[in-house]
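Enquirer: Sending over a structure as structure tokens; questions will come in a sec.
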Amino acid sequence: MAKKAVIEDILEIPTKKGLAYAQFSHYHEPPPTFGHIIRVLHGFYQERPKSFQLLADQKEIYYTLYPLQAVLNGGNLNIVGHAEIPEFARKFPLFRSGCANQQTGKVDVWWLWDGTKEWKIGQLTEEQMDLPLRASWGTPVLISRIEEGWTPRYEEAFRQAKRLRNKVEKTPSIKAVRHFLLFEDKGIAENARQLVNDAGFESNLVDHGTGFILGVRQGMPLTEEYIENLTIKLTEIARKAGGRYDAWETEL
């Protein structure tokens, strides 16, 4: 059996892009016990750093629940160092959770959890979009998310991209996809449309009475990378302009 993990341990995570690292930062004990929490740290490395303190001192990409001791016991990953946890990362992190609507892929009601209590907040504020998800991942999921650059802020964009990829895989006759962005103000919607057009995509703007829908057409090739990158890009354009990514539909 592997040595028991202790807070401040550094976990080495081999990925296709190089070595990544995470730090064991908290352990949740109150029943129900959620166990180990790690901070996923920045960067990919071709060689193991001689010291991990500079890496640990940076703001983490995100926190996640992770069955650390079970992974170590299985010999899949290893603890390779130790570093003091910076002051800003010592407080127990605030998590968010919610169930995605099976029809839309969106979470309609969010909850926050501080390790002791949980409360409903409805929709997320701009700041709350960066809160970690209360979910425990296995190693394959952790590695995949590190490799693809996943962050809590773009959880919905990745989820929508996954739904769309599944739809395209099951329906080879799909020739294009239309993405829809929502805005309350016409001027803001026009600015977003210009950004979309500058990126080389067809778009149209529709006034639906209570706001404006910007439709963006994505043509071939509908590859996994293309779908994911564009969905994330449009989510970011909508967010920066003051709107939101809403949905997609396919064209045969």
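Letters for chains follow the order of the structure tokens (A, B, ...), residue numbers begin at 1 for each chain, and ligand numbers begin at 1 in the order shown.
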Compile a residue-level contact table for stretch 110-166 of chain A against stretch 205-223 of chain A at a cut-off of 12 Å, reporting for every qualifying residue the shortest atom pair and its distance in Å to one decimal, with only C-alpha atoms counted, rows ordered by chain and ascending number, as CSV.
Expert:
```
residue,atom,partner,partner_atom,distance
A:Ala161,CA,A:Thr223,CA,10.8
A:Lys162,CA,A:Thr223,CA,11.5
A:Leu164,CA,A:Leu222,CA,9.7
A:Arg165,CA,A:Thr223,CA,8.0
A:Asn166,CA,A:Thr223,CA,11.1
```
Enquirer: For the residues in that selection, give me C-alpha atoms as a compact mmCIF listing (two decimals), in the first residue's frame.
Expert:
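Okay, this is what ended up in out.txt:
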```txt
# COMPACT_ATOMS: atom_id res chain seq x y z
CA ALA A 161 -19.88 20.70 -27.36
CA LYS A 162 -20.08 17.10 -26.14
CA LEU A 164 -23.29 18.35 -30.27
CA ARG A 165 -20.45 15.91 -31.06
CA ASN A 166 -22.68 13.01 -30.03
```
Enquirer: Can you pull out the residues contacting stretch 139-156 of chain A? Cut-off 7 Å, using only C-alpha atoms, and skip same-chain residues under 2 positions away; I want them as an MDAnalysis selection string.
Expert: chainID A and resid 15 17 62 106 129:133 137 158:160 232
Enquirer: Do you have the atom CA of A:Gly138-atom CA of A:Pro14 distance handy?
Expert: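 Separation between atom CA of A:Gly138 and atom CA of A:Pro14: 14.2 Å.
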Enquirer: Counting only C-alpha atoms, which of A:Ala238, A:Ala176, A:Val109, A:Ile227 gets nearest to A:Ile121?
Expert: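 Between A:Ala238, A:Ala176, A:Val109, A:Ile227, the residue approaching A:Ile121 most closely is A:Val109.
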Enquirer: Can you tell me how far atom CA of A:Glu224 sits from atom CA of A:Thr171, in Å to one decimal?
Expert: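 Taking atom CA of A:Glu224 as the start and atom CA of A:Thr171 as the end point, the length is 14.0 Å.
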Enquirer: Excluding A:Leu19 and any residue of its chain fewer than 2 positions from it, enumerate the residues within 12 Å of it, using only C-alpha atoms, and give them as a list in words.
Expert: Leu11, Glu12, Ile13, Pro14, Thr15, Lys16, Lys17, Tyr21, Ala22, Leu41, His42, Gly43, Phe44, Tyr45, Gln46, Glu47, Arg48, Pro49, Leu77, Asn78, Val80, Ile143, Ile146 and Glu147 of chain A
Enquirer: As an exercise, work out the distance from atom CA of A:Gln194 to atom CA of A:Arg178 in Å and give it to one decimal place.
Expert: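 Result for atom CA of A:Gln194 versus atom CA of A:Arg178: 16.7 Å, one decimal.
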Enquirer: Please determine, counting only C-alpha atoms, which residue among A:Val6, A:Leu94, A:Ala241, A:Leu252 has the shortest atom-to-atom distance to A:Lys186.
Expert: A:Ala241
Enquirer: Running DSSP on the backbone, which parts of stretch 62-246 of chain A land in alpha helix (DSSP H), as a ChimeraX atom specification?
Expert: /A:68-73,139-148,155-170,186-198,224-241
Enquirer: For A:Ala83, work out the shell of residues within 12 Å, counting only C-alpha atoms and skipping chain neighbours fewer than 4 positions away, then give it as a VMD selection string.
Expert: chain A and resid 6 to 11 21 to 25 50 to 58 79
Enquirer: For the selection just defined, write its residues with C-alpha atoms to a file, as an mmCIF file, in the first residue's frame.
Expert:
```cif
data_model
loop_
_atom_site.group_PDB
_atom_site.id
_atom_site.type_symbol
_atom_site.label_atom_id
_atom_site.label_comp_id
_atom_site.auth_asym_id
_atom_site.auth_seq_id
_atom_site.Cartn_x
_atom_site.Cartn_y
_atom_site.Cartn_z
ATOM 1 C CA VAL A 6 -0.692 14.303 3.532
ATOM 2 C CA ILE A 7 -1.860 17.829 2.873
ATOM 3 C CA GLU A 8 0.698 19.817 0.809
ATOM 4 C CA ASP A 9 1.740 16.724 -1.205
ATOM 5 C CA ILE A 10 2.349 17.291 -4.929
ATOM 6 C CA LEU A 11 0.836 14.773 -7.337
ATOM 7 C CA TYR A 21 0.816 18.712 -11.273
ATOM 8 C CA ALA A 22 -1.797 19.030 -8.553
ATOM 9 C CA GLN A 23 -1.560 19.619 -4.818
ATOM 10 C CA PHE A 24 -3.498 17.897 -2.052
ATOM 11 C CA SER A 25 -4.931 20.946 -0.279
ATOM 12 C CA LYS A 50 13.443 20.546 -8.936
ATOM 13 C CA SER A 51 11.230 22.593 -6.622
ATOM 14 C CA PHE A 52 7.448 22.898 -6.534
ATOM 15 C CA GLN A 53 7.052 25.960 -4.329
ATOM 16 C CA LEU A 54 6.914 28.516 -7.159
ATOM 17 C CA LEU A 55 4.301 26.384 -8.895
ATOM 18 C CA ALA A 56 2.236 25.952 -5.724
ATOM 19 C CA ASP A 57 2.396 29.685 -4.989
ATOM 20 C CA GLN A 58 0.447 30.465 -8.174
ATOM 21 C CA ILE A 79 3.430 11.869 -4.994
#
```
